[in-house]
>>> print(open('structure_31.pdb').read())   # PDB, C-alpha atoms, pLDDT in the B column
ATOM      1  CA  MET W 138     -28.848 -15.524   9.307  1.00 45.00           C
ATOM      2  CA  THR W 139     -30.451 -15.696   5.863  1.00 47.00           C
ATOM      3  CA  VAL W 140     -28.940 -13.980   2.839  1.00 48.00           C
ATOM      4  CA  LEU W 141     -31.916 -11.621   2.865  1.00 43.00           C
ATOM      5  CA  GLY W 142     -31.158 -10.769   6.493  1.00 51.00           C
ATOM      6  CA  ILE W 143     -27.502 -10.079   5.702  1.00 51.00           C
ATOM      7  CA  MET W 144     -28.452  -7.858   2.789  1.00 58.00           C
ATOM      8  CA  GLY W 145     -31.028  -5.948   4.818  1.00 85.00           C
ATOM      9  CA  LYS W 146     -28.618  -5.243   7.655  1.00 90.00           C
ATOM     10  CA  GLY W 147     -25.766  -4.430   5.282  1.00 93.00           C
ATOM     11  CA  ASP W 148     -27.902  -2.045   3.253  1.00 94.00           C
ATOM     12  CA  GLU W 149     -28.944  -0.213   6.409  1.00 93.00           C
ATOM     13  CA  LEU W 150     -25.340   0.087   7.578  1.00 95.00           C
ATOM     14  CA  ILE W 151     -24.297   1.532   4.211  1.00 95.00           C
ATOM     15  CA  ALA W 152     -27.128   4.037   4.499  1.00 93.00           C
ATOM     16  CA  ARG W 153     -25.876   5.064   7.955  1.00 93.00           C
ATOM     17  CA  VAL W 154     -22.333   5.549   6.658  1.00 94.00           C
ATOM     18  CA  ILE W 155     -23.580   7.649   3.752  1.00 93.00           C
ATOM     19  CA  ARG W 156     -25.755   9.756   6.056  1.00 91.00           C
ATOM     20  CA  GLY W 157     -22.804  10.325   8.355  1.00 88.00           C
ATOM     21  CA  ASP W 158     -24.656   9.226  11.470  1.00 84.00           C
ATOM     22  CA  LYS W 159     -22.982   9.867  14.827  1.00 80.00           C
ATOM     23  CA  ASP W 160     -22.216   6.166  15.176  1.00 84.00           C
ATOM     24  CA  ALA W 161     -20.532   6.046  11.729  1.00 80.00           C
ATOM     25  CA  GLU W 162     -17.394   4.374  13.122  1.00 84.00           C
ATOM     26  CA  LEU W 163     -19.443   1.606  14.728  1.00 90.00           C
ATOM     27  CA  SER W 164     -21.437   1.262  11.533  1.00 89.00           C
ATOM     28  CA  ALA W 165     -18.202   0.904   9.552  1.00 93.00           C
ATOM     29  CA  ASN W 166     -16.991  -1.912  11.806  1.00 95.00           C
ATOM     30  CA  ASN W 167     -20.358  -3.643  11.660  1.00 95.00           C
ATOM     31  CA  LEU W 168     -20.461  -3.265   7.892  1.00 96.00           C
ATOM     32  CA  LEU W 169     -17.036  -4.861   7.597  1.00 97.00           C
ATOM     33  CA  ALA W 170     -18.354  -7.782   9.626  1.00 96.00           C
ATOM     34  CA  GLU W 171     -21.338  -8.085   7.282  1.00 96.00           C
ATOM     35  CA  PHE W 172     -19.058  -8.236   4.229  1.00 96.00           C
ATOM     36  CA  GLN W 173     -17.047 -10.930   5.974  1.00 96.00           C
ATOM     37  CA  ARG W 174     -20.270 -12.867   6.627  1.00 94.00           C
ATOM     38  CA  GLY W 175     -21.291 -12.801   2.978  1.00 94.00           C
ATOM     39  CA  TYR W 176     -22.868  -9.431   2.255  1.00 95.00           C
ATOM     40  CA  PRO W 177     -22.332  -8.929  -1.515  1.00 96.00           C
ATOM     41  CA  ILE W 178     -18.929  -7.335  -2.130  1.00 97.00           C
ATOM     42  CA  ASP W 179     -20.303  -5.355  -5.079  1.00 97.00           C
ATOM     43  CA  ARG W 180     -22.142  -3.106  -2.568  1.00 97.00           C
ATOM     44  CA  LEU W 181     -18.775  -1.653  -1.537  1.00 98.00           C
ATOM     45  CA  ALA W 182     -18.719   0.313  -4.806  1.00 98.00           C
ATOM     46  CA  THR W 183     -21.285   2.712  -3.364  1.00 96.00           C
ATOM     47  CA  LEU W 184     -18.732   3.863  -0.786  1.00 97.00           C
ATOM     48  CA  LEU W 185     -15.626   3.749  -2.972  1.00 98.00           C
ATOM     49  CA  GLU W 186     -17.240   5.899  -5.650  1.00 97.00           C
ATOM     50  CA  SER W 187     -18.781   8.441  -3.276  1.00 96.00           C
ATOM     51  CA  GLU W 188     -17.922  12.112  -3.674  1.00 95.00           C
ATOM     52  CA  THR W 189     -18.112  12.525   0.106  1.00 96.00           C
ATOM     53  CA  GLU W 190     -14.676  12.278   1.694  1.00 96.00           C
ATOM     54  CA  GLU W 191     -15.737  10.580   4.919  1.00 95.00           C
ATOM     55  CA  VAL W 192     -17.686   7.961   2.994  1.00 96.00           C
ATOM     56  CA  VAL W 193     -14.723   7.176   0.736  1.00 98.00           C
ATOM     57  CA  LYS W 194     -12.455   6.958   3.790  1.00 97.00           C
ATOM     58  CA  THR W 195     -14.747   4.341   5.268  1.00 97.00           C
ATOM     59  CA  GLY W 196     -14.994   2.422   2.001  1.00 98.00           C
ATOM     60  CA  VAL W 197     -11.267   2.198   1.371  1.00 98.00           C
ATOM     61  CA  TRP W 198     -10.601   1.207   4.981  1.00 98.00           C
ATOM     62  CA  ILE W 199     -13.111  -1.628   4.649  1.00 98.00           C
ATOM     63  CA  ALA W 200     -11.454  -2.665   1.365  1.00 98.00           C
ATOM     64  CA  SER W 201      -8.058  -2.817   3.071  1.00 98.00           C
ATOM     65  CA  GLU W 202      -9.479  -4.955   5.886  1.00 98.00           C
ATOM     66  CA  LEU W 203     -11.103  -7.353   3.416  1.00 98.00           C
ATOM     67  CA  GLY W 204      -7.761  -8.210   1.853  1.00 97.00           C
ATOM     68  CA  GLY W 205      -8.008 -10.169  -1.374  1.00 97.00           C
ATOM     69  CA  LYS W 206     -11.810 -10.257  -1.138  1.00 97.00           C
ATOM     70  CA  ALA W 207     -11.781  -6.626  -2.342  1.00 98.00           C
ATOM     71  CA  ALA W 208     -10.053  -7.590  -5.620  1.00 98.00           C
ATOM     72  CA  PRO W 209     -13.213  -7.044  -7.735  1.00 98.00           C
ATOM     73  CA  HIS W 210     -12.897  -3.353  -6.831  1.00 98.00           C
ATOM     74  CA  LEU W 211      -9.183  -3.028  -7.623  1.00 98.00           C
ATOM     75  CA  LYS W 212      -9.678  -0.451 -10.389  1.00 98.00           C
ATOM     76  CA  ARG W 213     -11.852   1.681  -8.113  1.00 98.00           C
ATOM     77  CA  ILE W 214      -9.269   1.383  -5.341  1.00 98.00           C
ATOM     78  CA  ALA W 215      -6.426   2.234  -7.718  1.00 98.00           C
ATOM     79  CA  ALA W 216      -8.233   5.437  -8.684  1.00 98.00           C
ATOM     80  CA  LEU W 217      -8.058   6.455  -5.020  1.00 98.00           C
ATOM     81  CA  LEU W 218      -4.248   6.420  -5.021  1.00 98.00           C
ATOM     82  CA  SER W 219      -4.471  10.022  -6.206  1.00 98.00           C
ATOM     83  CA  HIS W 220      -7.202  11.051  -3.772  1.00 98.00           C
ATOM     84  CA  PRO W 221      -6.505  14.398  -2.051  1.00 97.00           C
ATOM     85  CA  HIS W 222      -6.865  12.958   1.461  1.00 98.00           C
ATOM     86  CA  PRO W 223      -3.795  11.027   2.719  1.00 98.00           C
ATOM     87  CA  HIS W 224      -5.965   8.621   4.734  1.00 98.00           C
ATOM     88  CA  VAL W 225      -7.525   7.427   1.484  1.00 98.00           C
ATOM     89  CA  ARG W 226      -4.188   7.078  -0.315  1.00 98.00           C
ATOM     90  CA  PHE W 227      -2.759   5.172   2.668  1.00 98.00           C
ATOM     91  CA  PHE W 228      -5.461   2.504   2.772  1.00 98.00           C
ATOM     92  CA  ALA W 229      -5.637   2.298  -1.023  1.00 98.00           C
ATOM     93  CA  ILE W 230      -1.966   1.231  -1.000  1.00 98.00           C
ATOM     94  CA  ASP W 231      -2.788  -1.368   1.640  1.00 97.00           C
ATOM     95  CA  SER W 232      -5.561  -2.777  -0.506  1.00 98.00           C
ATOM     96  CA  VAL W 233      -3.506  -2.822  -3.710  1.00 98.00           C
ATOM     97  CA  LEU W 234      -0.865  -4.873  -1.894  1.00 98.00           C
ATOM     98  CA  THR W 235      -3.365  -7.666  -1.219  1.00 97.00           C
ATOM     99  CA  CYS W 236      -5.351  -7.445  -4.462  1.00 98.00           C
ATOM    100  CA  ALA W 237      -2.926  -6.689  -7.300  1.00 98.00           C
ATOM    101  CA  THR W 238      -1.439  -9.361  -9.569  1.00 97.00           C
ATOM    102  CA  VAL W 239       1.333  -9.284 -12.140  1.00 97.00           C
ATOM    103  CA  ALA W 240      -1.286  -8.129 -14.647  1.00 97.00           C
ATOM    104  CA  ASP W 241      -1.596  -4.884 -12.660  1.00 97.00           C
ATOM    105  CA  GLY W 242       1.792  -3.332 -13.385  1.00 96.00           C
ATOM    106  CA  LYS W 243       0.339   0.134 -13.983  1.00 95.00           C
ATOM    107  CA  ILE W 244      -1.421   0.084 -10.618  1.00 98.00           C
ATOM    108  CA  ALA W 245       1.732  -1.121  -8.862  1.00 97.00           C
ATOM    109  CA  ALA W 246       3.683   1.634 -10.596  1.00 96.00           C
ATOM    110  CA  ASP W 247       1.219   4.211  -9.306  1.00 96.00           C
ATOM    111  CA  VAL W 248       1.868   2.954  -5.777  1.00 98.00           C
ATOM    112  CA  VAL W 249       5.622   3.074  -6.302  1.00 97.00           C
ATOM    113  CA  LEU W 250       5.415   6.749  -7.241  1.00 95.00           C
ATOM    114  CA  LEU W 251       3.857   7.473  -3.844  1.00 97.00           C
ATOM    115  CA  LEU W 252       7.302   6.879  -2.386  1.00 96.00           C
ATOM    116  CA  GLY W 253       7.651  10.610  -3.004  1.00 95.00           C
ATOM    117  CA  ASP W 254       4.240  11.561  -1.566  1.00 97.00           C
ATOM    118  CA  LYS W 255       3.982  14.791   0.421  1.00 97.00           C
ATOM    119  CA  ASP W 256       2.492  12.940   3.411  1.00 98.00           C
ATOM    120  CA  SER W 257       4.885  10.956   5.634  1.00 96.00           C
ATOM    121  CA  ALA W 258       2.315   8.247   6.474  1.00 97.00           C
ATOM    122  CA  VAL W 259       1.667   7.612   2.784  1.00 98.00           C
ATOM    123  CA  ARG W 260       5.419   7.449   2.126  1.00 97.00           C
ATOM    124  CA  TRP W 261       5.714   4.924   4.966  1.00 96.00           C
ATOM    125  CA  LYS W 262       2.963   2.770   3.482  1.00 97.00           C
ATOM    126  CA  ALA W 263       4.624   2.937   0.038  1.00 98.00           C
ATOM    127  CA  LEU W 264       7.850   1.705   1.654  1.00 97.00           C
ATOM    128  CA  VAL W 265       5.908  -1.176   3.222  1.00 96.00           C
ATOM    129  CA  PHE W 266       4.451  -1.993  -0.197  1.00 98.00           C
ATOM    130  CA  LEU W 267       7.928  -2.155  -1.730  1.00 98.00           C
ATOM    131  CA  VAL W 268       9.167  -4.386   1.088  1.00 96.00           C
ATOM    132  CA  GLN W 269       6.229  -6.799   1.023  1.00 95.00           C
ATOM    133  CA  ALA W 270       5.167  -6.912  -2.633  1.00 97.00           C
ATOM    134  CA  PRO W 271       6.147 -10.055  -4.552  1.00 96.00           C
ATOM    135  CA  GLN W 272       9.126  -9.522  -6.815  1.00 96.00           C
ATOM    136  CA  ALA W 273       6.984 -10.354  -9.843  1.00 97.00           C
ATOM    137  CA  LEU W 274       4.678  -7.433  -9.041  1.00 97.00           C
ATOM    138  CA  LEU W 275       7.621  -5.055  -8.645  1.00 97.00           C
ATOM    139  CA  ASN W 276       8.963  -6.307 -11.967  1.00 97.00           C
ATOM    140  CA  ALA W 277       5.596  -5.525 -13.542  1.00 96.00           C
ATOM    141  CA  ALA W 278       5.806  -1.984 -12.127  1.00 96.00           C
ATOM    142  CA  LEU W 279       9.334  -1.670 -13.506  1.00 95.00           C
ATOM    143  CA  ALA W 280       8.186  -2.795 -16.944  1.00 94.00           C
ATOM    144  CA  CYS W 281       5.439  -0.186 -16.873  1.00 93.00           C
ATOM    145  CA  LEU W 282       7.701   2.653 -15.777  1.00 92.00           C
ATOM    146  CA  SER W 283      10.350   1.633 -18.296  1.00 91.00           C
ATOM    147  CA  GLN W 284       8.055   2.901 -21.020  1.00 86.00           C
ATOM    148  CA  SER W 285       8.697   6.440 -19.751  1.00 74.00           C
ATOM    149  CA  ASN W 286      11.947   8.302 -19.121  1.00 62.00           C
ATOM    150  CA  ASP W 287      10.632  10.838 -16.615  1.00 59.00           C
ATOM    151  CA  ARG W 288      10.900   8.619 -13.501  1.00 66.00           C
ATOM    152  CA  SER W 289      14.602   7.783 -13.632  1.00 85.00           C
ATOM    153  CA  ALA W 290      15.093   7.499  -9.859  1.00 93.00           C
ATOM    154  CA  HIS W 291      12.249   5.000  -9.624  1.00 95.00           C
ATOM    155  CA  LEU W 292      13.601   3.032 -12.561  1.00 95.00           C
ATOM    156  CA  VAL W 293      17.043   2.854 -10.967  1.00 94.00           C
ATOM    157  CA  GLY W 294      15.534   1.888  -7.609  1.00 96.00           C
ATOM    158  CA  LEU W 295      13.286  -0.824  -9.007  1.00 96.00           C
ATOM    159  CA  ARG W 296      16.194  -2.252 -10.974  1.00 95.00           C
ATOM    160  CA  LEU W 297      18.109  -2.503  -7.714  1.00 96.00           C
ATOM    161  CA  LEU W 298      15.246  -4.471  -6.145  1.00 96.00           C
ATOM    162  CA  ALA W 299      15.140  -6.734  -9.207  1.00 95.00           C
ATOM    163  CA  SER W 300      18.813  -7.623  -8.694  1.00 94.00           C
ATOM    164  CA  SER W 301      20.039 -10.770  -7.004  1.00 92.00           C
ATOM    165  CA  ASP W 302      20.514 -10.649  -3.253  1.00 89.00           C
ATOM    166  CA  SER W 303      24.280 -10.740  -3.712  1.00 91.00           C
ATOM    167  CA  GLU W 304      24.119  -7.771  -6.074  1.00 93.00           C
ATOM    168  CA  ILE W 305      21.905  -5.878  -3.625  1.00 92.00           C
ATOM    169  CA  ARG W 306      24.344  -6.517  -0.790  1.00 90.00           C
ATOM    170  CA  ARG W 307      27.188  -5.301  -2.996  1.00 92.00           C
ATOM    171  CA  THR W 308      25.584  -2.110  -4.321  1.00 93.00           C
ATOM    172  CA  ALA W 309      22.750  -0.970  -2.049  1.00 92.00           C
ATOM    173  CA  GLY W 310      25.121   0.885   0.270  1.00 91.00           C
ATOM    174  CA  SER W 311      25.615   3.578  -2.347  1.00 93.00           C
ATOM    175  CA  TYR W 312      21.849   4.087  -2.449  1.00 94.00           C
ATOM    176  CA  LEU W 313      21.726   4.493   1.313  1.00 92.00           C
ATOM    177  CA  ASP W 314      24.368   7.201   1.007  1.00 91.00           C
ATOM    178  CA  SER W 315      22.659   8.945  -1.908  1.00 92.00           C
ATOM    179  CA  GLU W 316      21.634  12.594  -1.691  1.00 92.00           C
ATOM    180  CA  ASP W 317      18.534  11.697  -3.692  1.00 94.00           C
ATOM    181  CA  ASP W 318      15.699  10.979  -1.231  1.00 94.00           C
ATOM    182  CA  ILE W 319      13.998   8.521  -3.579  1.00 95.00           C
ATOM    183  CA  LEU W 320      17.148   6.469  -4.132  1.00 96.00           C
ATOM    184  CA  LYS W 321      17.826   6.491  -0.406  1.00 95.00           C
ATOM    185  CA  ARG W 322      14.350   5.043   0.184  1.00 96.00           C
ATOM    186  CA  TYR W 323      14.979   2.300  -2.357  1.00 96.00           C
ATOM    187  CA  GLY W 324      18.242   1.513  -0.623  1.00 95.00           C
ATOM    188  CA  THR W 325      16.357   1.210   2.648  1.00 95.00           C
ATOM    189  CA  VAL W 326      13.789  -1.111   1.070  1.00 96.00           C
ATOM    190  CA  ALA W 327      16.576  -3.251  -0.360  1.00 95.00           C
ATOM    191  CA  ALA W 328      18.215  -3.462   3.071  1.00 93.00           C
ATOM    192  CA  VAL W 329      14.980  -4.729   4.601  1.00 93.00           C
ATOM    193  CA  ARG W 330      14.267  -7.203   1.795  1.00 93.00           C
ATOM    194  CA  VAL W 331      17.609  -8.997   2.280  1.00 91.00           C
ATOM    195  CA  ALA W 332      17.720  -8.620   6.071  1.00 88.00           C
ATOM    196  CA  ARG W 333      16.613 -12.172   6.865  1.00 83.00           C
ATOM    197  CA  GLU W 334      19.831 -13.455   5.274  1.00 86.00           C
ATOM    198  CA  ASP W 335      22.132 -10.504   5.995  1.00 84.00           C
ATOM    199  CA  THR W 336      21.539  -7.653   8.455  1.00 86.00           C
ATOM    200  CA  SER W 337      24.655  -5.656   7.604  1.00 89.00           C
ATOM    201  CA  LEU W 338      22.820  -3.314   5.240  1.00 89.00           C
ATOM    202  CA  LEU W 339      20.029  -2.882   7.755  1.00 87.00           C
ATOM    203  CA  ASN W 340      22.507  -1.928  10.458  1.00 86.00           C
ATOM    204  CA  ARG W 341      24.096   0.537   8.079  1.00 88.00           C
ATOM    205  CA  ALA W 342      20.714   2.027   7.211  1.00 86.00           C
ATOM    206  CA  LEU W 343      20.077   2.628  10.907  1.00 84.00           C
ATOM    207  CA  LEU W 344      22.880   5.188  10.790  1.00 84.00           C
ATOM    208  CA  SER W 345      20.959   7.267   8.260  1.00 81.00           C
ATOM    209  CA  ALA W 346      20.529  10.953   9.009  1.00 81.00           C
ATOM    210  CA  ASP W 347      16.923  10.565   7.805  1.00 86.00           C
ATOM    211  CA  SER W 348      14.843  10.041  10.966  1.00 89.00           C
ATOM    212  CA  GLU W 349      11.855   8.882   8.907  1.00 91.00           C
ATOM    213  CA  LEU W 350      13.858   6.035   7.408  1.00 90.00           C
ATOM    214  CA  ARG W 351      15.363   5.100  10.767  1.00 89.00           C
ATOM    215  CA  GLN W 352      11.860   4.843  12.220  1.00 91.00           C
ATOM    216  CA  PHE W 353      10.734   2.750   9.269  1.00 92.00           C
ATOM    217  CA  ILE W 354      13.618   0.333   9.752  1.00 91.00           C
ATOM    218  CA  ASP W 355      12.833   0.068  13.442  1.00 87.00           C
ATOM    219  CA  ASP W 356       9.204  -0.717  12.566  1.00 88.00           C
ATOM    220  CA  MET W 357      10.314  -3.427  10.127  1.00 87.00           C
ATOM    221  CA  ARG W 358      12.728  -4.979  12.619  1.00 83.00           C
ATOM    222  CA  GLN W 359       9.926  -5.288  15.157  1.00 80.00           C
ATOM    223  CA  ARG W 360       7.701  -6.950  12.564  1.00 80.00           C
ATOM    224  CA  MET W 361      10.432  -9.438  11.660  1.00 75.00           C
ATOM    225  CA  GLN W 362      10.748 -10.450  15.299  1.00 72.00           C
ATOM    226  CA  HIS W 363       7.104 -11.562  15.410  1.00 62.00           C
TER     227      HIS W 363
END
>>> encode(input="structure_31.pdb", output="structure tokens")
Amino acid sequence: MTVLGIMGKGDELIARVIRGDKDAELSANNLLAEFQRGYPIDRLATLLESETEEVVKTGVWIASELGGKAAPHLKRIAALLSHPHPHVRFFAIDSVLTCATVADGKIAADVVLLLGDKDSAVRWKALVFLVQAPQALLNAALACLSQSNDRSAHLVGLRLLASSDSEIRRTAGSYLDSEDDILKRYGTVAAVRVAREDTSLLNRALLSADSELRQFIDDMRQRMQH
């Protein structure tokens, strides 16, 4: 297919998404395929910057599926971390994970704060981010948050994750037992991050009274087995 053909088909699919045609879901999948075939990535901005919720939902989902190819839109995606719809926040986190670099500490910090989001699915995705993000990116988030004193639980939690594995194994248990929900979530993340070398913390975390964290750990254990 020629570049002109790709652009023509891609442009029509974007128009269908914006119109909200009945086959919008099919159009979204086909549009993703067009981006993967070479349709100019800059066209995704039309969806990411839309004021129509369903259009933005489609755009951020496509961005998450494109992985690092969506990096040119990272600032637009980061702006969606505060979007009112949880679906948008969820997939924005997914996209930040694959697009952010150590130069994006502020964006990573914004994701970290979603560990306390009101929506359980968004909290779950923030936990995944903290488990999977490179340590250098978490350090960049820590450096950013260190400039403020109003996120003490996150600062304490990120400092735990920045510790050596031996230090995590020695101290993370107290986080798992914390009455502070945020610290408990950091303890759970720490348990998962060191689990390939030592599962004792993970087994302890499974005893948590927090069913959400138990489910998260179960999800992570299944992933590690594949």
>>> residues_around(input="structure_31.pdb", residues="Leu297 in chain W", least_positions_apart="2", cutoff="9 Å", atoms="all atoms listed in the file", output="PDB file with C-alpha atoms, in the frame of the given file")
ATOM      1  CA  LEU W 292      13.601   3.032 -12.561  1.00 95.00           C
ATOM      2  CA  VAL W 293      17.043   2.854 -10.967  1.00 94.00           C
ATOM      3  CA  GLY W 294      15.534   1.888  -7.609  1.00 96.00           C
ATOM      4  CA  LEU W 295      13.286  -0.824  -9.007  1.00 96.00           C
ATOM      5  CA  ALA W 299      15.140  -6.734  -9.207  1.00 95.00           C
ATOM      6  CA  SER W 300      18.813  -7.623  -8.694  1.00 94.00           C
ATOM      7  CA  SER W 301      20.039 -10.770  -7.004  1.00 92.00           C
ATOM      8  CA  GLU W 304      24.119  -7.771  -6.074  1.00 93.00           C
ATOM      9  CA  ILE W 305      21.905  -5.878  -3.625  1.00 92.00           C
ATOM     10  CA  THR W 308      25.584  -2.110  -4.321  1.00 93.00           C
ATOM     11  CA  ALA W 309      22.750  -0.970  -2.049  1.00 92.00           C
ATOM     12  CA  TYR W 323      14.979   2.300  -2.357  1.00 96.00           C
ATOM     13  CA  GLY W 324      18.242   1.513  -0.623  1.00 95.00           C
ATOM     14  CA  ALA W 327      16.576  -3.251  -0.360  1.00 95.00           C
TER      15      ALA W 327
END
>>> resolve_selection(input="structure_31.pdb", expression="the PyMOL selection byres ((chain W and resi 189) around 12)", output="PDB file with C-alpha atoms, keeping the file's coordinate frame")
ATOM      1  CA  VAL W 154     -22.333   5.549   6.658  1.00 94.00           C
ATOM      2  CA  ILE W 155     -23.580   7.649   3.752  1.00 93.00           C
ATOM      3  CA  ARG W 156     -25.755   9.756   6.056  1.00 91.00           C
ATOM      4  CA  GLY W 157     -22.804  10.325   8.355  1.00 88.00           C
ATOM      5  CA  THR W 183     -21.285   2.712  -3.364  1.00 96.00           C
ATOM      6  CA  LEU W 184     -18.732   3.863  -0.786  1.00 97.00           C
ATOM      7  CA  LEU W 185     -15.626   3.749  -2.972  1.00 98.00           C
ATOM      8  CA  GLU W 186     -17.240   5.899  -5.650  1.00 97.00           C
ATOM      9  CA  SER W 187     -18.781   8.441  -3.276  1.00 96.00           C
ATOM     10  CA  GLU W 188     -17.922  12.112  -3.674  1.00 95.00           C
ATOM     11  CA  GLU W 190     -14.676  12.278   1.694  1.00 96.00           C
ATOM     12  CA  GLU W 191     -15.737  10.580   4.919  1.00 95.00           C
ATOM     13  CA  VAL W 192     -17.686   7.961   2.994  1.00 96.00           C
ATOM     14  CA  VAL W 193     -14.723   7.176   0.736  1.00 98.00           C
ATOM     15  CA  LYS W 194     -12.455   6.958   3.790  1.00 97.00           C
ATOM     16  CA  THR W 195     -14.747   4.341   5.268  1.00 97.00           C
ATOM     17  CA  GLY W 196     -14.994   2.422   2.001  1.00 98.00           C
ATOM     18  CA  HIS W 220      -7.202  11.051  -3.772  1.00 98.00           C
ATOM     19  CA  PRO W 221      -6.505  14.398  -2.051  1.00 97.00           C
ATOM     20  CA  HIS W 222      -6.865  12.958   1.461  1.00 98.00           C
ATOM     21  CA  VAL W 225      -7.525   7.427   1.484  1.00 98.00           C
TER      22      VAL W 225
END
>>> resolve_selection(input="structure_31.pdb", expression="the PyMOL selection byres ((chain W and resi 264) around 12)", output="ChimeraX atom specification")
/W:227,230-231,234,248-254,257-263,265-270,319-330,349-350,352-354,356-357
>>> write_last_selection(input="structure_31.pdb", atoms="C-alpha atoms", output="tab-separated table (two decimals), keeping the file's coordinate frame")
chain	number	residue	atom	x	y	z
W	227	PHE	CA	-2.76	5.17	2.67
W	230	ILE	CA	-1.97	1.23	-1.00
W	231	ASP	CA	-2.79	-1.37	1.64
W	234	LEU	CA	-0.86	-4.87	-1.89
W	248	VAL	CA	1.87	2.95	-5.78
W	249	VAL	CA	5.62	3.07	-6.30
W	250	LEU	CA	5.42	6.75	-7.24
W	251	LEU	CA	3.86	7.47	-3.84
W	252	LEU	CA	7.30	6.88	-2.39
W	253	GLY	CA	7.65	10.61	-3.00
W	254	ASP	CA	4.24	11.56	-1.57
W	257	SER	CA	4.88	10.96	5.63
W	258	ALA	CA	2.32	8.25	6.47
W	259	VAL	CA	1.67	7.61	2.78
W	260	ARG	CA	5.42	7.45	2.13
W	261	TRP	CA	5.71	4.92	4.97
W	262	LYS	CA	2.96	2.77	3.48
W	263	ALA	CA	4.62	2.94	0.04
W	265	VAL	CA	5.91	-1.18	3.22
W	266	PHE	CA	4.45	-1.99	-0.20
W	267	LEU	CA	7.93	-2.15	-1.73
W	268	VAL	CA	9.17	-4.39	1.09
W	269	GLN	CA	6.23	-6.80	1.02
W	270	ALA	CA	5.17	-6.91	-2.63
W	319	ILE	CA	14.00	8.52	-3.58
W	320	LEU	CA	17.15	6.47	-4.13
W	321	LYS	CA	17.83	6.49	-0.41
W	322	ARG	CA	14.35	5.04	0.18
W	323	TYR	CA	14.98	2.30	-2.36
W	324	GLY	CA	18.24	1.51	-0.62
W	325	THR	CA	16.36	1.21	2.65
W	326	VAL	CA	13.79	-1.11	1.07
W	327	ALA	CA	16.58	-3.25	-0.36
W	328	ALA	CA	18.22	-3.46	3.07
W	329	VAL	CA	14.98	-4.73	4.60
W	330	ARG	CA	14.27	-7.20	1.80
W	349	GLU	CA	11.86	8.88	8.91
W	350	LEU	CA	13.86	6.04	7.41
W	352	GLN	CA	11.86	4.84	12.22
W	353	PHE	CA	10.73	2.75	9.27
W	354	ILE	CA	13.62	0.33	9.75
W	356	ASP	CA	9.20	-0.72	12.57
W	357	MET	CA	10.31	-3.43	10.13
>>> resolve_selection(input="structure_31.pdb", expression="the PyMOL selection byres ((chain W and resi 172) around 10)", output="VMD selection string")
chain W and resid 143 to 144 147 167 to 171 173 to 181 199 to 200 203 206 to 207
>>> residues_around(input="structure_31.pdb", residues="Arg153 in chain W", least_positions_apart="6", cutoff="9 Å", atoms="all atoms listed in the file", output="list in words")
Lys159, Asp160, Ala161, Ser164 and Ala165 of chain W
>>> atom_distance(input="structure_31.pdb", atom1="CA of Leu275 in chain W", atom2="CA of Ala245 in chain W")
7.1 Å
>>> atom_distance(input="structure_31.pdb", atom1="CA of Ser337 in chain W", atom2="CA of Asp302 in chain W")
12.6 Å
>>> atom_distance(input="structure_31.pdb", atom1="CA of Leu313 in chain W", atom2="CA of Ala342 in chain W")
6.5 Å
>>> axis_aligned_box(input="structure_31.pdb", around="range 297-307 of chain W", padding_each_side="3 Å", output="AutoDock Vina command-line options")
--center_x 21.2 --center_y -6.6 --center_z -5.0 --size_x 18.0 --size_y 14.3 --size_z 14.4
>>> residues_around(input="structure_31.pdb", residues="Gly242 in chain W", least_positions_apart="6", cutoff="7 Å", atoms="all atoms listed in the file", output="ChimeraX atom specification")
/W:274,277-278,281
>>> closest_residue(input="structure_31.pdb", among="W:Lys255, W:Arg296, W:His210, W:Lys243", to="Arg226 in chain W", atoms="only C-alpha atoms")
W:Lys255
